[in-house]
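Everything below belongs to target.pdb, which stores PDB, C-alpha atoms.
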```pdb
ATOM      1  CA  MET A 260     125.116 110.480  95.187
ATOM      2  CA  LYS A 261     122.213 108.155  95.998
ATOM      3  CA  SER A 262     118.590 108.958  96.598
ATOM      4  CA  ARG A 263     115.484 106.916  97.320
ATOM      5  CA  ARG A 264     112.172 106.744  95.504
ATOM      6  CA  ARG A 265     109.732 109.287  96.824
ATOM      7  CA  PRO A 266     106.403 110.565  95.546
ATOM      8  CA  TYR A 267     106.701 113.138  92.786
ATOM      9  CA  ALA A 268     105.508 115.875  95.168
ATOM     10  CA  GLU A 269     108.660 115.319  97.225
ATOM     11  CA  GLN A 270     111.039 115.362  94.258
ATOM     12  CA  ARG A 271     113.287 118.358  93.583
ATOM     13  CA  PRO A 272     115.732 119.333  90.822
ATOM     14  CA  GLN A 273     119.260 118.462  91.903
ATOM     15  CA  GLU A 274     122.808 119.392  91.046
ATOM     16  CA  LEU A 275     124.695 116.099  90.872
ATOM     17  CA  GLY A 276     128.186 117.526  90.452
ATOM     18  CA  GLY A 277     130.542 117.300  87.516
ATOM     19  CA  GLY A 278     128.329 119.440  85.293
ATOM     20  CA  VAL A 279     125.293 117.148  85.579
ATOM     21  CA  TRP A 280     121.814 118.001  86.899
ATOM     22  CA  SER A 281     118.552 116.063  87.280
ATOM     23  CA  VAL A 282     114.988 117.313  86.909
ATOM     24  CA  PRO A 283     111.993 115.139  87.904
ATOM     25  CA  VAL A 284     109.227 115.453  85.303
ATOM     26  CA  PRO A 285     105.761 114.054  86.159
ATOM     27  CA  ILE A 286     104.004 111.304  84.186
ATOM     28  CA  PRO A 287     100.287 112.045  84.560
ATOM     29  CA  GLY A 288      98.233 109.060  85.683
ATOM     30  CA  ASN A 289     101.156 106.644  85.759
ATOM     31  CA  PRO A 290     102.290 104.759  88.893
ATOM     32  CA  LEU A 291     105.933 105.411  87.991
ATOM     33  CA  GLY A 292     105.222 109.004  88.958
ATOM     34  CA  TYR A 293     107.985 110.783  87.101
ATOM     35  CA  THR A 294     110.873 110.589  84.657
ATOM     36  CA  LEU A 295     114.286 111.808  85.736
ATOM     37  CA  VAL A 296     115.532 114.077  82.964
ATOM     38  CA  TYR A 297     119.247 114.844  83.097
ATOM     39  CA  ALA A 298     121.070 117.919  81.841
ATOM     40  CA  ILE A 299     124.777 117.831  80.994
ATOM     41  CA  GLU A 300     126.830 121.001  80.796
ATOM     42  CA  SER A 301     128.122 122.014  77.370
ATOM     43  CA  PRO A 302     129.697 125.234  76.025
ATOM     44  CA  ARG A 303     126.925 125.312  73.386
ATOM     45  CA  GLY A 304     124.193 124.932  75.982
ATOM     46  CA  PRO A 305     123.062 121.942  78.046
ATOM     47  CA  VAL A 306     122.313 118.588  76.445
ATOM     48  CA  LEU A 307     119.342 116.723  77.907
ATOM     49  CA  VAL A 308     119.122 112.980  78.384
ATOM     50  CA  ASP A 309     115.404 112.320  77.717
ATOM     51  CA  ALA A 310     112.720 114.987  77.991
ATOM     52  CA  GLY A 311     109.592 113.620  79.691
ATOM     53  CA  TRP A 312     105.917 113.149  78.830
ATOM     54  CA  ASN A 313     104.172 115.581  76.473
ATOM     55  CA  HIS A 314     101.802 117.300  78.919
ATOM     56  CA  PRO A 315     101.492 120.922  80.127
ATOM     57  CA  ASP A 316     102.330 119.918  83.725
ATOM     58  CA  ALA A 317     105.400 118.055  82.525
ATOM     59  CA  TRP A 318     106.557 121.007  80.411
ATOM     60  CA  ALA A 319     106.136 123.346  83.388
ATOM     61  CA  ALA A 320     108.171 120.960  85.553
ATOM     62  CA  LEU A 321     110.940 120.588  82.972
ATOM     63  CA  SER A 322     111.316 124.266  82.104
ATOM     64  CA  GLY A 323     110.800 125.362  85.709
ATOM     65  CA  GLY A 324     113.178 122.714  87.055
ATOM     66  CA  LEU A 325     115.917 123.776  84.671
ATOM     67  CA  ALA A 326     115.359 127.411  85.665
ATOM     68  CA  ALA A 327     115.674 126.486  89.355
ATOM     69  CA  LEU A 328     119.108 125.063  88.542
ATOM     70  CA  GLY A 329     120.173 128.219  86.709
ATOM     71  CA  LEU A 330     119.558 126.740  83.258
ATOM     72  CA  ASP A 331     117.195 128.007  80.573
ATOM     73  CA  VAL A 332     115.275 125.616  78.326
ATOM     74  CA  SER A 333     115.778 128.071  75.444
ATOM     75  CA  THR A 334     119.551 127.419  75.613
ATOM     76  CA  VAL A 335     119.327 123.606  75.350
ATOM     77  CA  SER A 336     121.541 122.494  72.454
ATOM     78  CA  GLY A 337     120.420 118.893  72.140
ATOM     79  CA  VAL A 338     118.179 116.113  73.462
ATOM     80  CA  VAL A 339     119.417 112.515  73.452
ATOM     81  CA  VAL A 340     116.462 110.161  73.773
ATOM     82  CA  THR A 341     117.282 106.816  75.393
ATOM     83  CA  HIS A 342     114.221 105.296  73.671
ATOM     84  CA  PHE A 343     111.070 106.377  71.906
ATOM     85  CA  HIS A 344     108.506 105.805  74.698
ATOM     86  CA  PRO A 345     106.351 108.866  75.482
ATOM     87  CA  ASP A 346     107.652 109.382  79.024
ATOM     88  CA  HIS A 347     111.129 109.840  77.518
ATOM     89  CA  ALA A 348     110.654 111.332  74.054
ATOM     90  CA  GLY A 349     107.319 113.127  74.486
ATOM     91  CA  LEU A 350     108.634 116.645  75.164
ATOM     92  CA  ALA A 351     111.661 116.466  72.870
ATOM     93  CA  GLY A 352     109.783 118.230  70.071
ATOM     94  CA  GLN A 353     108.697 121.063  72.354
ATOM     95  CA  VAL A 354     112.273 121.514  73.591
ATOM     96  CA  ARG A 355     113.380 121.735  69.954
ATOM     97  CA  GLN A 356     110.720 124.376  69.256
ATOM     98  CA  ALA A 357     111.828 126.433  72.266
ATOM     99  CA  SER A 358     115.565 126.244  71.656
ATOM    100  CA  GLY A 359     116.371 124.947  68.185
ATOM    101  CA  ALA A 360     117.976 121.883  69.786
ATOM    102  CA  TRP A 361     118.699 118.746  67.797
ATOM    103  CA  ILE A 362     117.041 115.453  68.790
ATOM    104  CA  ALA A 363     119.013 112.203  68.623
ATOM    105  CA  MET A 364     118.004 108.578  69.146
ATOM    106  CA  HIS A 365     119.181 105.145  68.011
ATOM    107  CA  GLU A 366     118.443 104.350  64.378
ATOM    108  CA  ASN A 367     116.204 101.379  65.300
ATOM    109  CA  ASP A 368     113.871 103.497  67.401
ATOM    110  CA  ALA A 369     114.001 106.288  64.801
ATOM    111  CA  ALA A 370     112.622 103.790  62.258
ATOM    112  CA  LEU A 371     109.765 102.965  64.644
ATOM    113  CA  VAL A 372     108.947 106.650  65.157
ATOM    114  CA  ARG A 373     108.727 107.113  61.383
ATOM    115  CA  LEU A 374     106.402 104.103  61.182
ATOM    116  CA  MET A 375     104.231 105.450  64.015
ATOM    117  CA  ASN A 376     103.873 108.782  62.247
ATOM    118  CA  GLU A 377     102.652 106.968  59.124
ATOM    119  CA  PHE A 378     100.232 104.666  60.984
ATOM    120  CA  ALA A 379      96.655 105.949  61.240
ATOM    121  CA  ALA A 380      94.753 105.508  64.521
ATOM    122  CA  ARG A 381      92.172 103.188  62.929
ATOM    123  CA  GLU A 382      94.960 100.979  61.550
ATOM    124  CA  HIS A 383      96.483 100.834  65.025
ATOM    125  CA  ALA A 384      93.169  99.653  66.508
ATOM    126  CA  ALA A 385      92.808  96.931  63.867
ATOM    127  CA  PHE A 386      96.414  95.846  64.482
ATOM    128  CA  GLN A 387      95.826  95.552  68.241
ATOM    129  CA  THR A 388      92.563  93.635  67.844
ATOM    130  CA  ASP A 389      94.123  91.063  65.526
ATOM    131  CA  MET A 390      97.202  90.726  67.730
ATOM    132  CA  LEU A 391      95.104  90.050  70.840
ATOM    133  CA  ARG A 392      92.929  87.540  68.975
ATOM    134  CA  ARG A 393      95.975  85.575  67.776
ATOM    135  CA  ALA A 394      97.286  85.552  71.355
ATOM    136  CA  GLY A 395      94.116  83.819  72.552
ATOM    137  CA  ALA A 396      92.176  86.718  74.093
ATOM    138  CA  GLY A 397      88.388  86.498  73.766
ATOM    139  CA  PRO A 398      86.525  89.220  71.849
ATOM    140  CA  ASP A 399      85.473  91.066  75.013
ATOM    141  CA  GLU A 400      88.964  90.821  76.522
ATOM    142  CA  ALA A 401      90.542  92.039  73.287
ATOM    143  CA  ALA A 402      88.239  95.063  73.155
ATOM    144  CA  GLU A 403      88.982  95.989  76.776
ATOM    145  CA  ALA A 404      92.757  95.444  76.512
ATOM    146  CA  MET A 405      93.270  97.801  73.593
ATOM    147  CA  GLY A 406      95.246 100.721  74.967
ATOM    148  CA  GLU A 407      94.925 104.275  73.714
ATOM    149  CA  ARG A 408      97.870 105.259  71.555
ATOM    150  CA  PRO A 409      99.621 108.465  72.649
ATOM    151  CA  PRO A 410     100.701 110.889  69.924
ATOM    152  CA  PRO A 411     103.930 109.755  68.226
ATOM    153  CA  PRO A 412     107.081 111.566  69.386
ATOM    154  CA  ALA A 413     108.913 114.082  67.240
ATOM    155  CA  LEU A 414     111.099 112.711  64.476
ATOM    156  CA  PRO A 415     114.798 112.892  65.384
ATOM    157  CA  ASP A 416     117.316 115.037  63.539
ATOM    158  CA  ARG A 417     120.177 112.657  64.234
ATOM    159  CA  GLU A 418     120.431 108.873  64.426
ATOM    160  CA  LEU A 419     122.910 107.075  66.644
ATOM    161  CA  ARG A 420     124.557 103.680  66.426
ATOM    162  CA  ASP A 421     126.326 101.640  69.053
ATOM    163  CA  GLY A 422     129.592 103.307  70.059
ATOM    164  CA  ASP A 423     128.794 106.730  68.594
ATOM    165  CA  LEU A 424     129.830 109.794  70.579
ATOM    166  CA  VAL A 425     127.083 112.323  71.236
ATOM    167  CA  ASP A 426     127.711 115.909  70.127
ATOM    168  CA  LEU A 427     128.856 117.167  73.530
ATOM    169  CA  PRO A 428     131.982 119.338  73.227
ATOM    170  CA  GLY A 429     134.537 118.821  75.961
ATOM    171  CA  ARG A 430     132.918 115.600  77.237
ATOM    172  CA  LYS A 431     132.818 111.965  76.083
ATOM    173  CA  LEU A 432     129.234 110.688  76.069
ATOM    174  CA  ARG A 433     129.057 107.389  74.201
ATOM    175  CA  ALA A 434     125.941 105.508  73.054
ATOM    176  CA  VAL A 435     125.741 101.891  74.230
ATOM    177  CA  HIS A 436     123.062  99.982  72.319
ATOM    178  CA  THR A 437     121.010  98.006  74.852
ATOM    179  CA  PRO A 438     117.985  96.584  72.995
ATOM    180  CA  GLY A 439     115.184  94.742  74.758
ATOM    181  CA  HIS A 440     112.853  97.303  76.279
ATOM    182  CA  THR A 441     112.754  98.787  72.776
ATOM    183  CA  PRO A 442     114.773  97.757  69.700
ATOM    184  CA  GLY A 443     116.759 100.990  69.819
ATOM    185  CA  HIS A 444     117.169 101.562  73.555
ATOM    186  CA  ILE A 445     120.516 103.095  74.437
ATOM    187  CA  CYS A 446     122.403 103.737  77.626
ATOM    188  CA  LEU A 447     124.814 106.660  77.601
ATOM    189  CA  HIS A 448     128.275 106.263  79.096
ATOM    190  CA  LEU A 449     129.780 109.518  80.346
ATOM    191  CA  GLU A 450     133.295 108.165  80.056
ATOM    192  CA  ASP A 451     135.064 111.144  81.604
ATOM    193  CA  ALA A 452     133.051 110.733  84.832
ATOM    194  CA  ASP A 453     132.421 106.957  85.185
ATOM    195  CA  ARG A 454     128.660 107.488  85.011
ATOM    196  CA  LEU A 455     126.039 105.624  82.997
ATOM    197  CA  PHE A 456     122.664 107.092  82.077
ATOM    198  CA  THR A 457     120.663 103.872  81.977
ATOM    199  CA  GLY A 458     117.248 104.998  80.702
ATOM    200  CA  ASP A 459     114.895 102.128  81.501
ATOM    201  CA  HIS A 460     117.438  99.373  80.861
ATOM    202  CA  VAL A 461     118.743  99.078  84.431
ATOM    203  CA  LEU A 462     116.578 100.450  87.251
ATOM    204  CA  PRO A 463     117.399 100.098  90.961
ATOM    205  CA  ASP A 464     114.259  98.326  92.190
ATOM    206  CA  ILE A 465     111.976  97.357  89.305
ATOM    207  CA  THR A 466     112.654  95.790  85.909
ATOM    208  CA  PRO A 467     111.553  97.246  82.579
ATOM    209  CA  HIS A 468     108.804  95.806  80.434
ATOM    210  CA  VAL A 469     110.208  93.561  77.699
ATOM    211  CA  GLY A 470     107.536  92.418  75.269
ATOM    212  CA  ILE A 471     106.917  91.346  71.680
ATOM    213  CA  TYR A 472     104.518  93.225  69.422
ATOM    214  CA  PRO A 473     102.835  91.534  67.604
ATOM    215  CA  TYR A 474     102.903  88.836  70.268
ATOM    216  CA  ASP A 475     103.448  85.921  67.873
ATOM    217  CA  ARG A 476     106.470  87.238  65.953
ATOM    218  CA  GLU A 477     109.128  84.609  65.251
ATOM    219  CA  ASP A 478     111.831  86.832  63.768
ATOM    220  CA  VAL A 479     112.875  88.657  66.961
ATOM    221  CA  ASP A 480     113.961  87.727  70.493
ATOM    222  CA  PRO A 481     113.755  90.911  72.593
ATOM    223  CA  LEU A 482     114.266  89.155  75.931
ATOM    224  CA  GLY A 483     117.337  87.384  74.591
ATOM    225  CA  GLU A 484     118.653  90.745  73.383
ATOM    226  CA  PHE A 485     117.832  92.319  76.743
ATOM    227  CA  LEU A 486     119.798  89.645  78.622
ATOM    228  CA  ASP A 487     122.776  90.083  76.285
ATOM    229  CA  SER A 488     122.541  93.851  76.810
ATOM    230  CA  LEU A 489     122.651  93.355  80.585
ATOM    231  CA  ASP A 490     125.903  91.472  80.105
ATOM    232  CA  ARG A 491     127.284  94.415  78.112
ATOM    233  CA  VAL A 492     126.406  96.810  80.918
ATOM    234  CA  ARG A 493     127.867  94.449  83.520
ATOM    235  CA  ASP A 494     131.124  94.393  81.581
ATOM    236  CA  LEU A 495     131.392  98.196  81.826
ATOM    237  CA  GLY A 496     132.175  97.756  85.527
ATOM    238  CA  PRO A 497     130.831  99.318  88.742
ATOM    239  CA  LEU A 498     129.782 102.673  87.259
ATOM    240  CA  ASP A 499     127.384 105.031  89.013
ATOM    241  CA  ALA A 500     123.936 104.609  87.462
ATOM    242  CA  LEU A 501     121.679 107.537  86.594
ATOM    243  CA  PRO A 502     118.359 105.854  85.657
ATOM    244  CA  ALA A 503     115.249 107.448  84.187
ATOM    245  CA  HIS A 504     113.047 106.321  87.100
ATOM    246  CA  GLU A 505     113.312 105.683  90.828
ATOM    247  CA  TRP A 506     116.720 106.791  92.152
ATOM    248  CA  ILE A 507     120.418 107.139  91.407
ATOM    249  CA  PHE A 508     122.504 104.198  92.586
ATOM    250  CA  PRO A 509     126.096 102.872  92.552
ATOM    251  CA  ASP A 510     127.504  99.761  90.827
ATOM    252  CA  VAL A 511     125.337  99.300  87.768
ATOM    253  CA  ALA A 512     127.200  96.056  87.002
ATOM    254  CA  ALA A 513     125.913  94.377  90.164
ATOM    255  CA  ARG A 514     122.326  95.441  89.471
ATOM    256  CA  ALA A 515     122.554  94.248  85.848
ATOM    257  CA  ALA A 516     123.645  90.821  87.115
ATOM    258  CA  GLU A 517     120.693  90.752  89.564
ATOM    259  CA  ILE A 518     118.189  91.527  86.815
ATOM    260  CA  ARG A 519     119.645  88.831  84.561
ATOM    261  CA  HIS A 520     119.342  86.285  87.369
ATOM    262  CA  HIS A 521     115.729  87.336  87.952
ATOM    263  CA  HIS A 522     114.800  86.664  84.331
ATOM    264  CA  GLU A 523     116.665  83.350  84.205
ATOM    265  CA  GLU A 524     114.647  82.188  87.218
ATOM    266  CA  LYS A 525     111.444  83.411  85.561
ATOM    267  CA  LEU A 526     112.283  81.525  82.364
ATOM    268  CA  GLU A 527     112.924  78.311  84.276
ATOM    269  CA  ARG A 528     109.631  78.626  86.176
ATOM    270  CA  LEU A 529     107.782  79.153  82.911
ATOM    271  CA  ARG A 530     109.457  76.160  81.251
ATOM    272  CA  ALA A 531     108.516  73.973  84.232
ATOM    273  CA  LEU A 532     104.957  75.315  84.145
ATOM    274  CA  LEU A 533     104.538  74.380  80.493
ATOM    275  CA  ALA A 534     106.090  70.946  81.088
ATOM    276  CA  GLN A 535     103.288  70.168  83.539
ATOM    277  CA  ARG A 536     100.575  70.854  80.961
ATOM    278  CA  PRO A 537      99.555  68.058  78.585
ATOM    279  CA  GLN A 538      98.110  70.463  75.999
ATOM    280  CA  PRO A 539      99.725  73.482  74.300
ATOM    281  CA  LEU A 540      98.714  76.863  75.745
ATOM    282  CA  THR A 541      97.956  80.190  74.117
ATOM    283  CA  ILE A 542      99.992  83.268  74.990
ATOM    284  CA  TRP A 543      96.974  84.655  76.854
ATOM    285  CA  GLU A 544      96.648  81.454  78.913
ATOM    286  CA  VAL A 545     100.358  81.515  79.749
ATOM    287  CA  ALA A 546     100.167  85.167  80.809
ATOM    288  CA  ALA A 547      97.254  84.373  83.145
ATOM    289  CA  MET A 548      99.354  81.663  84.842
ATOM    290  CA  MET A 549     102.497  83.762  85.346
ATOM    291  CA  THR A 550     103.300  85.805  88.452
ATOM    292  CA  TRP A 551     102.755  89.555  88.222
ATOM    293  CA  ASN A 552     102.726  92.311  90.831
ATOM    294  CA  ARG A 553      99.062  91.448  91.479
ATOM    295  CA  PRO A 554      96.764  88.523  90.543
ATOM    296  CA  TRP A 555      95.712  88.281  86.898
ATOM    297  CA  ASP A 556      92.050  88.897  87.771
ATOM    298  CA  GLU A 557      93.015  92.192  89.424
ATOM    299  CA  LEU A 558      95.067  93.515  86.503
ATOM    300  CA  ALA A 559      93.482  96.308  84.499
ATOM    301  CA  PRO A 560      92.711  95.259  80.894
ATOM    302  CA  ALA A 561      95.533  97.355  79.405
ATOM    303  CA  LEU A 562      97.990  95.828  81.893
ATOM    304  CA  ARG A 563      96.840  92.367  80.847
ATOM    305  CA  GLY A 564      97.777  93.317  77.310
ATOM    306  CA  MET A 565     101.255  94.335  78.467
ATOM    307  CA  ALA A 566     101.558  91.146  80.541
ATOM    308  CA  ALA A 567     100.722  89.116  77.433
ATOM    309  CA  GLY A 568     103.491  90.920  75.566
ATOM    310  CA  GLU A 569     105.950  90.032  78.305
ATOM    311  CA  ALA A 570     104.732  86.413  78.396
ATOM    312  CA  ALA A 571     105.252  86.288  74.632
ATOM    313  CA  ALA A 572     108.827  87.537  75.006
ATOM    314  CA  HIS A 573     109.606  84.843  77.582
ATOM    315  CA  LEU A 574     108.046  82.153  75.388
ATOM    316  CA  ARG A 575     110.046  83.370  72.400
ATOM    317  CA  ALA A 576     113.281  83.280  74.434
ATOM    318  CA  LEU A 577     112.554  79.697  75.476
ATOM    319  CA  GLU A 578     111.756  78.847  71.860
ATOM    320  CA  ALA A 579     115.072  80.348  70.734
ATOM    321  CA  ARG A 580     116.816  78.124  73.312
ATOM    322  CA  GLY A 581     115.028  75.041  71.983
ATOM    323  CA  GLN A 582     113.005  74.507  75.164
ATOM    324  CA  VAL A 583     109.492  75.150  73.828
ATOM    325  CA  ARG A 584     107.823  74.838  70.448
ATOM    326  CA  ARG A 585     104.970  76.812  68.949
ATOM    327  CA  VAL A 586     101.974  75.149  67.335
ATOM    328  CA  ALA A 587     100.192  77.133  64.645
ATOM    329  CA  GLY A 588      96.415  77.147  65.029
ATOM    330  CA  VAL A 589      93.458  78.527  63.147
ATOM    331  CA  ASP A 590      92.400  80.709  66.080
ATOM    332  CA  ALA A 591      95.623  81.352  67.999
ATOM    333  CA  VAL A 592      99.243  80.268  68.253
ATOM    334  CA  ARG A 593     100.036  77.883  71.122
ATOM    335  CA  PHE A 594     103.191  76.706  72.892
ATOM    336  CA  HIS A 595     104.257  73.482  74.566
ATOM    337  CA  ALA A 596     107.424  72.428  76.363
ATOM    338  CA  LEU A 597     109.981  70.113  74.788
ATOM    339  CA  ASP A 598     111.762  67.405  76.735
ATOM    340  CA  SER A 599     114.731  68.736  78.683
TER     341      SER A 599
END
```

Once you've parsed the file, please lay out its structure as structure tokens.
Amino acid sequence: MKSRRRPYAEQRPQELGGGVWSVPVPIPGNPLGYTLVYAIESPRGPVLVDAGWNHPDAWAALSGGLAALGLDVSTVSGVVVTHFHPDHAGLAGQVRQASGAWIAMHENDAALVRLMNEFAAREHAAFQTDMLRRAGAGPDEAAEAMGERPPPPALPDRELRDGDLVDLPGRKLRAVHTPGHTPGHICLHLEDADRLFTGDHVLPDITPHVGIYPYDREDVDPLGEFLDSLDRVRDLGPLDALPAHEWIFPDVAARAAEIRHHHEEKLERLRALLAQRPQPLTIWEVAAMMTWNRPWDELAPALRGMAAGEAAAHLRALEARGQVRRVAGVDAVRFHALDS
């Protein structure tokens, strides 16, 4: 079954066949519009893949959408969270309160959720300010780019690793670790139906945000991990994809290959851009030179912060490949291209 992206107002809960349903859950104030939450039939009660944003309108859409499909949120037996972001994990705690369901996510994202629950709001603001300063943002830009932190999601009851089977009696739903968008992002392979719940890892029209936080970390390479994860998904074959946004589509392997090609082209353009510059550039300067869905000057401050995170991930990937080098500075880290 394939559908096309439509405004949230035109979305409807759907039966997808094979004991799988989808419920569109709104994301207030976000251009993505909605998260597609999936329910999978189980003799103990349905298991949800993701849960949606923690907001009264989203809860009404989730519980009401399940009811329209003949399901009751109070009978949900479990919620598998593809990653910890609030449009996916936000309502998991409320589902657990309503039904007693367990919550599961990958151990890497579970560690981040624990950290978020321990991190005070004032510490988060100080962390963001210092991160933006080291990236090369001016004081005014840093103040404007600091995003508001949503409440941390509920702590999971269960932690998954790559290859683990989800507690879904009578079905085979296997976790496939696909880091990049988050360190613990997972896709979920419904092996008895040749379907893959892709979360944000593989979407039909857009690509997920892949950034580094703090921007100047040297011990991780999220874009490199993301590209390797795309290869893993490609190797699963032409499965039907059930993503968390946009629409359901066939042949996830072909789309994974397209996304990898897109990022390889982006990396090459960035390397060439740096090679033309005689002086090393800050992460903020690089972000301002890259191509986004609108000119840099038209990006909202918070989106500039996200763009800088993505620029940092591309710079780190090039650094890991030996194509750029970072230069430590008193005010901010800078990067320059190495000879090919």

* To do: Name every residue that the PyMOL selection byres ((chain A and resi 528) around 12) selects in this structure, writing the answer as a PyMOL selection string with chains first and numbers rising.
  => chain A and resi 521-527+529-535+545+548-550+573-574+577+596

Just write the chosen residues, C-alpha atoms, as a short mmCIF file (atom, residue, chain, number, x, y, z; two decimals), keeping the file's coordinate frame.
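Below is the file again-v1.cif, written as the result:
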```cif
data_model
loop_
_atom_site.label_atom_id
_atom_site.label_comp_id
_atom_site.auth_asym_id
_atom_site.auth_seq_id
_atom_site.Cartn_x
_atom_site.Cartn_y
_atom_site.Cartn_z
CA HIS A 521 115.73 87.34 87.95
CA HIS A 522 114.80 86.66 84.33
CA GLU A 523 116.66 83.35 84.20
CA GLU A 524 114.65 82.19 87.22
CA LYS A 525 111.44 83.41 85.56
CA LEU A 526 112.28 81.53 82.36
CA GLU A 527 112.92 78.31 84.28
CA LEU A 529 107.78 79.15 82.91
CA ARG A 530 109.46 76.16 81.25
CA ALA A 531 108.52 73.97 84.23
CA LEU A 532 104.96 75.32 84.14
CA LEU A 533 104.54 74.38 80.49
CA ALA A 534 106.09 70.95 81.09
CA GLN A 535 103.29 70.17 83.54
CA VAL A 545 100.36 81.52 79.75
CA MET A 548 99.35 81.66 84.84
CA MET A 549 102.50 83.76 85.35
CA THR A 550 103.30 85.80 88.45
CA HIS A 573 109.61 84.84 77.58
CA LEU A 574 108.05 82.15 75.39
CA LEU A 577 112.55 79.70 75.48
CA ALA A 596 107.42 72.43 76.36
#
```

* To do: Excluding A:Ala591 and any residue of its chain fewer than 5 positions from it, enumerate the residues within 6 Å of it, using all atoms listed in the file, and give them as a PyMOL selection string.
  => chain A and resi 393-395

* Give me the residues within 6 Å of stretch 316-330 of chain A as a PyMOL selection string, counting all atoms listed in the file and dropping any in the same chain fewer than 3 places off. => chain A and resi 272+282+284-285

* What does the PyMOL selection byres ((chain A and resi 410) around 12) select in this file, as a PyMOL selection string? -> chain A and resi 312-314+343-346+348-350+352+372+375-380+383+407-409+411-414

* Identify which of the residues A:His595, A:His468, A:Arg563, A:His440 lies closest to A:Leu540, counting all atoms listed in the file when measuring atom-to-atom distances. => A:His595

* To do: Using all atoms listed in the file, find the one residue out of A:Glu578, A:Asp480, A:Glu400, A:Asp556 that sits nearest to A:Pro442.
  =>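 The closest residue to A:Pro442 is A:Asp480.
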
* To do: Between A:Val306, A:Met364, A:Val586, A:Ala571, single out the one closest to A:Val479, counting only C-alpha atoms.
  =>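 Smallest separation from A:Val479 among the options: A:Ala571.
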
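Residues in contact with A:Val340 at 9 Å, where only C-alpha atoms are counted and same-chain residues fewer than 3 positions away are skipped, are listed as A:Leu307, A:Val308, A:Asp309, A:Ala310, A:Phe343, A:His347, A:Ala348, A:Ala351, A:Ile362, A:Ala363, A:Met364, A:His365, A:Pro415, A:His444, A:Ile445, A:Gly458.
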
* Asked: At what distance in Å, to one decimal, does atom CA of A:Ile507 lie from atom CA of A:Gln273?
  ->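 Going from atom CA of A:Gln273 over to atom CA of A:Ile507, I get 11.4 Å.
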
* **Pairwise distance for atom CA of A:Phe594 and atom CA of A:Thr541, rounded to one decimal in Å** =>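 Between atom CA of A:Phe594 and atom CA of A:Thr541 the gap is 6.4 Å.
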
Atoms are missing here; could stretch 494-507 of chain A be completed with N, CA and C atoms and written as a compact mmCIF listing (two decimals), keeping the file's coordinate frame?
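And here's result_7.txt as it stands now:
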```txt
# COMPACT_ATOMS: atom_id res chain seq x y z
N ASP A 494 129.71 94.36 81.96
CA ASP A 494 131.12 94.39 81.58
C ASP A 494 131.73 95.80 81.61
N LEU A 495 130.88 96.83 81.70
CA LEU A 495 131.39 98.20 81.83
C LEU A 495 131.97 98.46 83.21
N GLY A 496 131.63 97.60 84.18
CA GLY A 496 132.18 97.76 85.53
C GLY A 496 131.23 98.49 86.47
N PRO A 497 131.70 98.76 87.69
CA PRO A 497 130.83 99.32 88.74
C PRO A 497 130.62 100.83 88.61
N LEU A 498 130.04 101.25 87.49
CA LEU A 498 129.78 102.67 87.26
C LEU A 498 128.61 103.15 88.11
N ASP A 499 128.57 104.44 88.39
CA ASP A 499 127.38 105.03 89.01
C ASP A 499 126.27 105.09 87.97
N ALA A 500 125.07 104.67 88.38
CA ALA A 500 123.94 104.61 87.46
C ALA A 500 123.02 105.80 87.68
N LEU A 501 122.65 106.44 86.58
CA LEU A 501 121.68 107.54 86.59
C LEU A 501 120.49 107.07 85.76
N PRO A 502 119.49 106.42 86.39
CA PRO A 502 118.36 105.85 85.66
C PRO A 502 117.28 106.89 85.38
N ALA A 503 116.34 106.53 84.53
CA ALA A 503 115.25 107.45 84.19
C ALA A 503 114.11 107.41 85.19
N HIS A 504 114.10 106.43 86.09
CA HIS A 504 113.05 106.32 87.10
C HIS A 504 113.67 105.88 88.42
N GLU A 505 112.92 106.09 89.48
CA GLU A 505 113.31 105.68 90.83
C GLU A 505 114.45 106.55 91.34
N TRP A 506 115.67 106.00 91.52
CA TRP A 506 116.72 106.79 92.15
C TRP A 506 118.10 106.42 91.60
N ILE A 507 119.02 107.33 91.81
CA ILE A 507 120.42 107.14 91.41
C ILE A 507 121.05 106.11 92.33
```
